[in-house]
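Novice: Just target_5.pdb, nothing more (PDB, C-alpha atoms, pLDDT in the B column):
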```pdb
ATOM      1  CA  MET A 273      20.127  17.878  20.906  1.00 56.00           C
ATOM      2  CA  LYS A 274      19.990  14.184  21.788  1.00 65.00           C
ATOM      3  CA  ILE A 275      17.624  12.067  19.708  1.00 68.00           C
ATOM      4  CA  ASP A 276      15.393   9.658  21.609  1.00 74.00           C
ATOM      5  CA  TRP A 277      15.382   6.758  19.167  1.00 73.00           C
ATOM      6  CA  ASP A 278      13.037   4.681  21.334  1.00 77.00           C
ATOM      7  CA  ARG A 279      10.300   7.300  21.226  1.00 82.00           C
ATOM      8  CA  ARG A 280      10.905   7.984  17.545  1.00 81.00           C
ATOM      9  CA  THR A 281      10.395   4.280  16.839  1.00 81.00           C
ATOM     10  CA  CYS A 282       7.237   4.216  18.961  1.00 85.00           C
ATOM     11  CA  ALA A 283       5.902   7.247  17.118  1.00 85.00           C
ATOM     12  CA  ARG A 284       6.424   5.428  13.831  1.00 83.00           C
ATOM     13  CA  LYS A 285       5.453   1.863  14.758  1.00 84.00           C
ATOM     14  CA  GLY A 286       3.321   2.316  17.852  1.00 88.00           C
ATOM     15  CA  HIS A 287       4.027   1.414  21.464  1.00 89.00           C
ATOM     16  CA  ALA A 288       4.974  -2.111  22.530  1.00 86.00           C
ATOM     17  CA  THR A 289       2.779  -2.878  25.518  1.00 89.00           C
ATOM     18  CA  TYR A 290       2.544  -6.297  27.169  1.00 88.00           C
ATOM     19  CA  ALA A 291       0.617  -7.692  30.127  1.00 88.00           C
ATOM     20  CA  PRO A 292       2.671 -10.420  31.859  1.00 85.00           C
ATOM     21  CA  ASP A 293       0.939 -13.174  33.836  1.00 87.00           C
ATOM     22  CA  ASP A 294       3.226 -12.637  36.802  1.00 84.00           C
ATOM     23  CA  PRO A 295       1.223 -10.373  39.187  1.00 85.00           C
ATOM     24  CA  ARG A 296       4.444  -8.899  40.595  1.00 82.00           C
ATOM     25  CA  LEU A 297       5.407  -7.611  37.131  1.00 81.00           C
ATOM     26  CA  ARG A 298       1.881  -6.943  35.919  1.00 85.00           C
ATOM     27  CA  ILE A 299       1.091  -4.453  38.663  1.00 84.00           C
ATOM     28  CA  ARG A 300       4.249  -2.484  37.881  1.00 82.00           C
ATOM     29  CA  LEU A 301       3.382  -2.202  34.188  1.00 85.00           C
ATOM     30  CA  HIS A 302      -0.266  -1.304  34.701  1.00 87.00           C
ATOM     31  CA  ALA A 303      -2.124   1.670  36.179  1.00 88.00           C
ATOM     32  CA  GLN A 304      -5.670   2.962  36.316  1.00 90.00           C
ATOM     33  CA  THR A 305      -6.533   6.537  35.442  1.00 89.00           C
ATOM     34  CA  ALA A 306      -9.680   8.595  35.085  1.00 88.00           C
ATOM     35  CA  LEU A 307      -9.521   7.923  31.344  1.00 88.00           C
ATOM     36  CA  GLY A 308      -9.040   4.163  31.708  1.00 89.00           C
ATOM     37  CA  ASP A 309      -6.295   1.566  32.029  1.00 91.00           C
ATOM     38  CA  VAL A 310      -2.779   2.427  30.925  1.00 92.00           C
ATOM     39  CA  TRP A 311       0.131   0.072  30.205  1.00 90.00           C
ATOM     40  CA  ARG A 312       3.822   0.851  30.164  1.00 87.00           C
ATOM     41  CA  CYS A 313       5.607   0.580  26.811  1.00 87.00           C
ATOM     42  CA  LEU A 314       8.490  -1.898  26.845  1.00 83.00           C
ATOM     43  CA  ARG A 315      10.442   0.230  24.369  1.00 81.00           C
ATOM     44  CA  CYS A 316      10.189   3.840  25.552  1.00 81.00           C
ATOM     45  CA  GLY A 317       8.776   3.404  29.070  1.00 81.00           C
ATOM     46  CA  ASP A 318       5.767   5.702  28.604  1.00 86.00           C
ATOM     47  CA  PHE A 319       2.335   4.678  29.878  1.00 89.00           C
ATOM     48  CA  VAL A 320      -0.153   4.184  27.035  1.00 90.00           C
ATOM     49  CA  LEU A 321      -3.928   4.365  27.279  1.00 91.00           C
ATOM     50  CA  GLY A 322      -5.842   1.275  26.109  1.00 90.00           C
ATOM     51  CA  GLU A 323      -5.517  -2.491  26.079  1.00 90.00           C
ATOM     52  CA  PRO A 324      -2.034  -4.037  25.880  1.00 90.00           C
ATOM     53  CA  ARG A 325      -0.896  -5.374  22.526  1.00 89.00           C
ATOM     54  CA  GLY A 326      -0.073  -8.748  24.018  1.00 87.00           C
ATOM     55  CA  SER A 327      -0.254 -10.821  27.180  1.00 89.00           C
ATOM     56  CA  GLY A 328       1.096 -14.066  28.597  1.00 88.00           C
ATOM     57  CA  PRO A 329       4.212 -15.348  30.387  1.00 85.00           C
ATOM     58  CA  ALA A 330       6.906 -12.732  30.864  1.00 78.00           C
ATOM     59  CA  ALA A 331       9.436 -14.980  29.104  1.00 73.00           C
ATOM     60  CA  ASP A 332       7.225 -14.969  25.990  1.00 77.00           C
ATOM     61  CA  ALA A 333       7.025 -11.186  25.791  1.00 77.00           C
ATOM     62  CA  PRO A 334       8.020  -9.724  22.397  1.00 76.00           C
ATOM     63  CA  LEU A 335      11.711  -8.940  22.098  1.00 72.00           C
ATOM     64  CA  VAL A 336      11.436  -5.202  21.597  1.00 77.00           C
ATOM     65  CA  PRO A 337      14.410  -3.794  19.644  1.00 73.00           C
ATOM     66  CA  ARG A 338      16.211  -1.648  22.197  1.00 73.00           C
ATOM     67  CA  GLY A 339      19.498  -1.863  23.988  1.00 62.00           C
ATOM     68  CA  LYS A 340      21.599  -4.825  22.788  1.00 69.00           C
ATOM     69  CA  VAL A 341      18.896  -6.073  20.430  1.00 70.00           C
ATOM     70  CA  LEU A 342      18.550  -2.640  18.830  1.00 71.00           C
ATOM     71  CA  ARG A 343      22.323  -2.516  18.374  1.00 74.00           C
ATOM     72  CA  ASP A 344      22.316  -5.921  16.661  1.00 79.00           C
ATOM     73  CA  LEU A 345      19.432  -4.829  14.432  1.00 80.00           C
ATOM     74  CA  PHE A 346      21.312  -1.651  13.515  1.00 81.00           C
ATOM     75  CA  VAL A 347      24.380  -3.693  12.460  1.00 83.00           C
ATOM     76  CA  LEU A 348      22.243  -6.069  10.402  1.00 87.00           C
ATOM     77  CA  ARG A 349      20.488  -3.183   8.661  1.00 89.00           C
ATOM     78  CA  PHE A 350      23.807  -1.488   7.957  1.00 89.00           C
ATOM     79  CA  LEU A 351      24.941  -4.708   6.266  1.00 88.00           C
ATOM     80  CA  ALA A 352      21.585  -4.886   4.467  1.00 92.00           C
ATOM     81  CA  VAL A 353      22.067  -1.399   2.986  1.00 93.00           C
ATOM     82  CA  GLU A 354      25.630  -2.272   1.945  1.00 89.00           C
ATOM     83  CA  ARG A 355      24.374  -5.459   0.246  1.00 90.00           C
ATOM     84  CA  ALA A 356      21.567  -3.587  -1.492  1.00 94.00           C
ATOM     85  CA  VAL A 357      23.915  -0.906  -2.840  1.00 92.00           C
ATOM     86  CA  ARG A 358      26.352  -3.571  -4.016  1.00 89.00           C
ATOM     87  CA  GLY A 359      23.526  -5.527  -5.668  1.00 92.00           C
ATOM     88  CA  VAL A 360      22.280  -2.484  -7.589  1.00 93.00           C
ATOM     89  CA  PHE A 361      25.822  -1.654  -8.700  1.00 92.00           C
ATOM     90  CA  ILE A 362      26.373  -5.216  -9.967  1.00 89.00           C
ATOM     91  CA  VAL A 363      23.076  -5.061 -11.882  1.00 91.00           C
ATOM     92  CA  LEU A 364      24.318  -1.892 -13.611  1.00 89.00           C
ATOM     93  CA  VAL A 365      27.623  -3.592 -14.450  1.00 85.00           C
ATOM     94  CA  ALA A 366      25.769  -6.625 -15.828  1.00 87.00           C
ATOM     95  CA  ALA A 367      23.605  -4.331 -17.979  1.00 87.00           C
ATOM     96  CA  ALA A 368      26.734  -2.580 -19.259  1.00 82.00           C
ATOM     97  CA  VAL A 369      28.374  -5.921 -20.135  1.00 81.00           C
ATOM     98  CA  TRP A 370      25.222  -7.068 -21.941  1.00 85.00           C
ATOM     99  CA  LYS A 371      24.990  -3.815 -23.898  1.00 81.00           C
ATOM    100  CA  PHE A 372      28.696  -3.994 -24.728  1.00 77.00           C
ATOM    101  CA  SER A 373      28.292  -7.590 -25.975  1.00 77.00           C
ATOM    102  CA  ASN A 374      25.738  -6.403 -28.554  1.00 76.00           C
ATOM    103  CA  SER A 375      27.885  -3.564 -29.895  1.00 76.00           C
ATOM    104  CA  GLN A 376      31.505  -4.636 -29.472  1.00 69.00           C
ATOM    105  CA  ASP A 377      32.649  -3.443 -32.891  1.00 72.00           C
ATOM    106  CA  ALA A 378      31.086   0.010 -32.499  1.00 66.00           C
ATOM    107  CA  VAL A 379      32.543   0.447 -29.024  1.00 64.00           C
ATOM    108  CA  ARG A 380      35.952  -0.768 -30.206  1.00 68.00           C
ATOM    109  CA  ARG A 381      36.004   1.802 -33.028  1.00 71.00           C
ATOM    110  CA  LEU A 382      34.904   4.572 -30.675  1.00 62.00           C
ATOM    111  CA  PHE A 383      37.556   3.575 -28.140  1.00 60.00           C
ATOM    112  CA  ASP A 384      40.305   3.507 -30.769  1.00 68.00           C
ATOM    113  CA  GLU A 385      39.257   6.955 -32.042  1.00 69.00           C
ATOM    114  CA  TYR A 386      39.409   8.467 -28.564  1.00 59.00           C
ATOM    115  CA  LEU A 387      42.693   6.678 -27.902  1.00 64.00           C
ATOM    116  CA  ASP A 388      44.235   8.308 -30.989  1.00 73.00           C
ATOM    117  CA  VAL A 389      42.995  11.722 -29.835  1.00 69.00           C
ATOM    118  CA  PHE A 390      44.302  11.443 -26.260  1.00 70.00           C
ATOM    119  CA  ARG A 391      47.565   9.628 -27.027  1.00 73.00           C
ATOM    120  CA  PRO A 392      49.542  12.863 -27.776  1.00 77.00           C
ATOM    121  CA  VAL A 393      48.078  14.556 -24.675  1.00 71.00           C
ATOM    122  CA  PHE A 394      49.159  11.749 -22.373  1.00 69.00           C
ATOM    123  CA  ARG A 395      52.527  11.518 -24.102  1.00 73.00           C
ATOM    124  CA  HIS A 396      53.071  15.184 -23.210  1.00 66.00           C
ATOM    125  CA  PHE A 397      52.757  14.169 -19.534  1.00 66.00           C
ATOM    126  CA  HIS A 398      55.138  11.211 -20.103  1.00 67.00           C
ATOM    127  CA  TYR A 399      52.426   8.585 -19.871  1.00 67.00           C
ATOM    128  CA  ASP A 400      52.388   5.872 -22.527  1.00 69.00           C
ATOM    129  CA  LEU A 401      48.790   4.796 -23.174  1.00 63.00           C
ATOM    130  CA  ASP A 402      49.950   1.905 -25.358  1.00 67.00           C
ATOM    131  CA  HIS A 403      51.503   0.248 -22.291  1.00 66.00           C
ATOM    132  CA  SER A 404      48.795   1.230 -19.805  1.00 65.00           C
ATOM    133  CA  PRO A 405      47.341  -1.706 -17.784  1.00 63.00           C
ATOM    134  CA  VAL A 406      43.882  -0.118 -17.951  1.00 58.00           C
ATOM    135  CA  VAL A 407      43.990   0.321 -21.714  1.00 60.00           C
ATOM    136  CA  GLY A 408      45.334  -3.211 -22.049  1.00 65.00           C
ATOM    137  CA  SER A 409      42.456  -4.620 -20.019  1.00 64.00           C
ATOM    138  CA  VAL A 410      39.902  -2.757 -22.155  1.00 60.00           C
ATOM    139  CA  GLN A 411      41.514  -3.940 -25.386  1.00 62.00           C
ATOM    140  CA  LYS A 412      41.580  -7.503 -24.079  1.00 71.00           C
ATOM    141  CA  ALA A 413      37.843  -7.282 -23.378  1.00 68.00           C
ATOM    142  CA  PHE A 414      37.232  -6.515 -27.052  1.00 65.00           C
ATOM    143  CA  GLY A 415      38.562  -9.970 -27.855  1.00 70.00           C
ATOM    144  CA  TYR A 416      35.954 -11.801 -25.800  1.00 72.00           C
ATOM    145  CA  LYS A 417      33.277 -13.737 -27.646  1.00 76.00           C
ATOM    146  CA  HIS A 418      29.685 -12.565 -27.608  1.00 74.00           C
ATOM    147  CA  SER A 419      28.602 -15.763 -25.830  1.00 80.00           C
ATOM    148  CA  THR A 420      31.292 -15.309 -23.171  1.00 79.00           C
ATOM    149  CA  LEU A 421      30.135 -11.775 -22.406  1.00 78.00           C
ATOM    150  CA  LEU A 422      26.523 -12.948 -22.162  1.00 83.00           C
ATOM    151  CA  LEU A 423      27.602 -15.636 -19.668  1.00 85.00           C
ATOM    152  CA  VAL A 424      29.462 -13.014 -17.628  1.00 83.00           C
ATOM    153  CA  ALA A 425      26.372 -10.785 -17.604  1.00 85.00           C
ATOM    154  CA  ALA A 426      24.188 -13.699 -16.474  1.00 90.00           C
ATOM    155  CA  LEU A 427      26.593 -14.626 -13.663  1.00 89.00           C
ATOM    156  CA  LEU A 428      26.716 -11.009 -12.526  1.00 89.00           C
ATOM    157  CA  LEU A 429      22.912 -10.861 -12.435  1.00 92.00           C
ATOM    158  CA  ALA A 430      22.796 -14.072 -10.385  1.00 92.00           C
ATOM    159  CA  TYR A 431      25.327 -12.627  -7.943  1.00 89.00           C
ATOM    160  CA  ALA A 432      23.358  -9.381  -7.731  1.00 92.00           C
ATOM    161  CA  LEU A 433      20.170 -11.358  -6.996  1.00 94.00           C
ATOM    162  CA  VAL A 434      21.894 -13.112  -4.093  1.00 91.00           C
ATOM    163  CA  GLU A 435      23.058  -9.751  -2.717  1.00 92.00           C
ATOM    164  CA  ILE A 436      19.561  -8.244  -2.942  1.00 94.00           C
ATOM    165  CA  ILE A 437      17.974 -11.305  -1.295  1.00 94.00           C
ATOM    166  CA  GLU A 438      20.555 -11.010   1.489  1.00 92.00           C
ATOM    167  CA  ALA A 439      19.709  -7.333   1.899  1.00 94.00           C
ATOM    168  CA  VAL A 440      15.964  -7.953   2.270  1.00 94.00           C
ATOM    169  CA  GLY A 441      16.469 -10.837   4.706  1.00 93.00           C
ATOM    170  CA  LEU A 442      18.993  -8.956   6.845  1.00 91.00           C
ATOM    171  CA  TRP A 443      16.764  -5.875   6.987  1.00 92.00           C
ATOM    172  CA  TYR A 444      14.017  -7.990   8.556  1.00 90.00           C
ATOM    173  CA  ALA A 445      16.548  -9.901  10.717  1.00 85.00           C
ATOM    174  CA  LYS A 446      15.675 -13.297   9.209  1.00 88.00           C
ATOM    175  CA  ARG A 447      17.825 -16.174  10.404  1.00 86.00           C
ATOM    176  CA  TRP A 448      18.041 -17.754   6.931  1.00 90.00           C
ATOM    177  CA  ALA A 449      19.468 -14.468   5.628  1.00 89.00           C
ATOM    178  CA  GLU A 450      22.156 -14.549   8.321  1.00 88.00           C
ATOM    179  CA  TYR A 451      23.176 -18.036   7.175  1.00 91.00           C
ATOM    180  CA  LEU A 452      23.119 -16.943   3.520  1.00 91.00           C
ATOM    181  CA  THR A 453      25.239 -13.872   4.270  1.00 88.00           C
ATOM    182  CA  VAL A 454      27.864 -15.839   6.184  1.00 90.00           C
ATOM    183  CA  VAL A 455      28.113 -18.582   3.526  1.00 91.00           C
ATOM    184  CA  ALA A 456      28.113 -16.207   0.535  1.00 87.00           C
ATOM    185  CA  THR A 457      30.604 -13.797   2.108  1.00 87.00           C
ATOM    186  CA  ALA A 458      32.943 -16.544   3.316  1.00 89.00           C
ATOM    187  CA  ALA A 459      32.895 -18.174  -0.135  1.00 88.00           C
ATOM    188  CA  PHE A 460      34.466 -15.071  -1.701  1.00 84.00           C
ATOM    189  CA  LEU A 461      37.137 -14.554   0.985  1.00 88.00           C
ATOM    190  CA  PRO A 462      39.724 -16.811  -0.763  1.00 89.00           C
ATOM    191  CA  LEU A 463      39.231 -14.824  -3.988  1.00 83.00           C
ATOM    192  CA  GLU A 464      39.706 -11.525  -2.136  1.00 83.00           C
ATOM    193  CA  ILE A 465      42.882 -12.863  -0.508  1.00 86.00           C
ATOM    194  CA  TYR A 466      44.168 -14.030  -3.907  1.00 82.00           C
ATOM    195  CA  GLU A 467      43.511 -10.574  -5.373  1.00 78.00           C
ATOM    196  CA  LEU A 468      45.692  -9.073  -2.623  1.00 79.00           C
ATOM    197  CA  THR A 469      48.569 -11.298  -3.727  1.00 81.00           C
ATOM    198  CA  GLU A 470      48.196  -9.844  -7.239  1.00 74.00           C
ATOM    199  CA  HIS A 471      47.825  -6.196  -6.243  1.00 75.00           C
ATOM    200  CA  ILE A 472      47.546  -4.613  -2.792  1.00 78.00           C
ATOM    201  CA  SER A 473      45.327  -1.578  -2.249  1.00 78.00           C
ATOM    202  CA  TRP A 474      43.721  -0.013   0.808  1.00 84.00           C
ATOM    203  CA  LEU A 475      40.269  -0.544  -0.708  1.00 78.00           C
ATOM    204  CA  LYS A 476      40.863  -4.292  -1.092  1.00 80.00           C
ATOM    205  CA  ILE A 477      42.310  -4.572   2.415  1.00 87.00           C
ATOM    206  CA  THR A 478      39.395  -2.634   3.935  1.00 86.00           C
ATOM    207  CA  THR A 479      36.834  -4.740   2.049  1.00 83.00           C
ATOM    208  CA  LEU A 480      38.498  -7.977   3.161  1.00 87.00           C
ATOM    209  CA  VAL A 481      38.656  -6.901   6.812  1.00 89.00           C
ATOM    210  CA  LEU A 482      35.008  -5.745   6.815  1.00 85.00           C
ATOM    211  CA  ASN A 483      33.847  -9.014   5.259  1.00 86.00           C
ATOM    212  CA  ILE A 484      35.809 -11.099   7.782  1.00 89.00           C
ATOM    213  CA  LEU A 485      34.391  -9.051  10.671  1.00 88.00           C
ATOM    214  CA  ALA A 486      30.864  -9.395   9.242  1.00 85.00           C
ATOM    215  CA  VAL A 487      31.202 -13.183   9.012  1.00 88.00           C
ATOM    216  CA  LEU A 488      32.562 -13.484  12.557  1.00 88.00           C
ATOM    217  CA  TYR A 489      30.049 -11.040  14.037  1.00 85.00           C
ATOM    218  CA  ILE A 490      26.963 -12.681  12.535  1.00 86.00           C
ATOM    219  CA  ALA A 491      28.145 -16.256  13.088  1.00 87.00           C
ATOM    220  CA  LEU A 492      29.054 -15.659  16.741  1.00 85.00           C
ATOM    221  CA  THR A 493      26.333 -13.267  17.912  1.00 81.00           C
ATOM    222  CA  LYS A 494      23.570 -15.236  16.157  1.00 80.00           C
ATOM    223  CA  ARG A 495      25.079 -18.610  17.183  1.00 83.00           C
ATOM    224  CA  LEU A 496      25.028 -19.995  13.651  1.00 86.00           C
ATOM    225  CA  PHE A 497      26.318 -23.450  12.659  1.00 80.00           C
ATOM    226  CA  GLY A 498      26.096 -24.650  16.262  1.00 75.00           C
ATOM    227  CA  LEU A 499      28.525 -22.017  17.557  1.00 74.00           C
ATOM    228  CA  ARG A 500      28.127 -21.015  21.216  1.00 74.00           C
ATOM    229  CA  GLY A 501      25.304 -23.476  21.742  1.00 71.00           C
ATOM    230  CA  GLY A 502      23.582 -23.037  18.387  1.00 66.00           C
ATOM    231  CA  ARG A 503      19.883 -22.396  17.814  1.00 70.00           C
ATOM    232  CA  ARG A 504      18.814 -23.764  21.222  1.00 74.00           C
ATOM    233  CA  LYS A 505      20.980 -21.291  23.107  1.00 71.00           C
ATOM    234  CA  PHE A 506      19.928 -18.510  20.737  1.00 69.00           C
ATOM    235  CA  ASP A 507      16.233 -19.133  21.473  1.00 66.00           C
ATOM    236  CA  GLU A 508      16.952 -19.359  25.212  1.00 64.00           C
ATOM    237  CA  GLU A 509      18.771 -16.035  25.006  1.00 63.00           C
ATOM    238  CA  ARG A 510      15.807 -14.450  23.237  1.00 62.00           C
ATOM    239  CA  HIS A 511      13.374 -15.685  25.908  1.00 57.00           C
ATOM    240  CA  SER A 512      15.728 -14.528  28.633  1.00 55.00           C
ATOM    241  CA  ALA A 513      16.065 -11.128  26.968  1.00 55.00           C
ATOM    242  CA  SER A 514      12.262 -10.846  26.720  1.00 55.00           C
ATOM    243  CA  LEU A 515      11.934 -11.552  30.444  1.00 50.00           C
ATOM    244  CA  MET A 516      14.642  -9.017  31.261  1.00 49.00           C
ATOM    245  CA  GLU A 517      12.928  -6.374  29.101  1.00 58.00           C
ATOM    246  CA  VAL A 518       9.688  -6.855  31.049  1.00 61.00           C
ATOM    247  CA  GLU A 519      11.428  -6.840  34.407  1.00 58.00           C
ATOM    248  CA  GLU A 520      13.522  -3.777  33.582  1.00 59.00           C
ATOM    249  CA  SER A 521      10.467  -1.912  32.258  1.00 59.00           C
ATOM    250  CA  ALA A 522       8.602  -2.835  35.429  1.00 57.00           C
ATOM    251  CA  GLY A 523      11.482  -1.642  37.573  1.00 60.00           C
ATOM    252  CA  VAL A 524      11.910  -5.063  39.214  1.00 56.00           C
ATOM    253  CA  THR A 525      15.375  -6.254  40.246  1.00 51.00           C
ATOM    254  CA  VAL A 526      16.022  -9.972  40.165  1.00 45.00           C
TER     255      VAL A 526
END
```
Spit out the file's structure as structure tokens when you get a sec.
Specialist:
Amino acid sequence: MKIDWDRRTCARKGHATYAPDDPRLRIRLHAQTALGDVWRCLRCGDFVLGEPRGSGPAADAPLVPRGKVLRDLFVLRFLAVERAVRGVFIVLVAAAVWKFSNSQDAVRRLFDEYLDVFRPVFRHFHYDLDHSPVVGSVQKAFGYKHSTLLLVAALLLAYALVEIIEAVGLWYAKRWAEYLTVVATAAFLPLEIYELTEHISWLKITTLVLNILAVLYIALTKRLFGLRGGRRKFDEERHSASLMEVEESAGVTV
């Protein structure tokens, strides 16, 4: 069964009706019935009883998320969810670092006790825990100062805050959030590339590729930093898209 996303959106948000000044378009979007005037929804195409939600020049009609615009909004919201999940995860890591900083000695003793218990088990499977990179990293962390761990926790919280702000802005398709996402993501690309020189994994490669694609997609499609005509061309495209939405909904070919 095929889902009609346009009608589902209208059922949740209401219909997007608009009365253009152009009589040629207006008459195609309007009809009179025994119950009163009806106007055609720019999103789903159904005729809706009552006054239109807006009116004015066709080029100033609201850019209803459908077609290309709906696709762009879907991509932005996918990135928003990814940023939100990442932000929450980083908050949890920061909380763990902070808690660890306040009980290093207790955690160290507990870790050493478990290490003594599992050392013979791992030795049976020919795995030397004393030379394990993971165990070495954990033991190295025990040597960090309390103030250093607190600084790490604070930096992680700041990073998480940026990710969550990005998520909220991208969800509502705010232009400032698109700039923030491109700048913040691009800033970490050199670090991700450096990590690949230290150790290559499919997860790191996938993350790097997705981040590069996200930067290019947002920067190019949203015409950021003056690309492809910049903000002026972006606004012209939005007005043009609004006019096309009205004309297509009215069934007019230009």
Novice: Can you work out which one of A:Ala456, A:Ala288, A:Val357, A:Val369 has the shortest atom-to-atom distance to A:Val336, counting only C-alpha atoms?
Specialist: A:Ala288
Novice: Restricting the calculation to all atoms listed in the file, which member of A:Leu468, A:Ala491, A:Ala333, A:Val481 is positioned closest to A:Val455?
Specialist: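 Closest to A:Val455, using all atoms listed in the file: A:Ala491.
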Novice: Out of A:Asp278, A:Glu470, A:Asp309, A:Glu450, which residue has the shortest atom-to-atom distance to A:Leu321 when counting all atoms listed in the file?
Specialist: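 Of all the options, A:Asp309 lies closest to A:Leu321.
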Novice: Here is a test: counting all atoms listed in the file, which residue of A:Arg296, A:Arg447, A:His302, A:Arg315 is nearest to A:Thr281?
Specialist: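 Closest candidate: A:Arg315.
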Novice: Rank nothing, just name the residue among A:Ile436, A:Ile477, A:Val310, A:Leu428 nearest to A:Leu364, using all atoms listed in the file.
Specialist: A:Leu428
Novice: Between atom CA of A:Ile362 and atom CA of A:Thr479, what is the distance, to one decimal in Å?
Specialist: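 A separation of 15.9 Å between them.
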Novice: Report, as lines of an AutoDock Vina configuration file, the centre and edge lengths in Å (one decimal) of the axis-aligned box enclosing every listed atom of stretch 436-439 of chain A, padded by 6 Å on each side.
Specialist:
```
center_x = 19.3
center_y = -9.3
center_z = -0.5
size_x = 14.6
size_y = 16.0
size_z = 16.8
```
Novice: If you measure from atom CA of A:Val353 to atom CA of A:Tyr444, what distance in Å do you get, rounded to one decimal?
Specialist: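 Separation between atom CA of A:Val353 and atom CA of A:Tyr444: 11.8 Å.
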Novice: Counting all atoms listed in the file, which of A:Leu452, A:Leu421, A:Ala330, A:Ile465 gets nearest to A:Tyr290?
Specialist: A:Ala330
Novice: Just the residues within 12 Å of A:Leu488, please, counting all atoms listed in the file, with nothing from its chain fewer than 6 positions along; format it as a list in words.
Specialist: Glu450, Tyr451, Thr453, Val454, Val455, Thr457, Ala458, Val481, Leu482, Lys494, Arg495, Leu496, Phe497 and Leu499 of chain A
Novice: Return as a PyMOL selection string the set of residues that the PyMOL selection byres ((chain A and resi 328) around 10) yields on the displayed structure.
Specialist: chain A and resi 290-294+326-327+329-333
Novice: In Å to one decimal, how far is atom CA of A:Ala459 from atom CA of A:Ser373?
Specialist: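 About the pair atom CA of A:Ser373 and atom CA of A:Ala459: they are 28.3 Å apart.
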Novice: On this file, the PyMOL selection byres ((chain A and resi 445) around 12) gives some set of residues; write that set as a list in words.
Specialist: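 Evaluating the PyMOL selection byres ((chain A and resi 445) around 12) on this file yields Pro337, Val341, Leu342, Asp344, Leu345, Phe346, Val347, Leu348, Arg349, Phe350, Leu351, Ala352, Glu438, Ala439, Val440, Gly441, Leu442, Trp443, Tyr444, Lys446, Arg447, Trp448, Ala449, Glu450, Tyr451, Thr453, Ile490 and Lys494 of chain A.
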Novice: Within 8 Å of (-0.9, -2.5, 22.2), only C-alpha atoms: residues as a PyMOL selection string?
Specialist: chain A and resi 286-290+322-326
Novice: Once the PyMOL selection byres ((chain A and resi 361) around 12) has been applied to the shown file, what residues remain in the selection, as a PyMOL selection string?
Specialist: chain A and resi 354-360+362-368+428-429+431-433+435-436
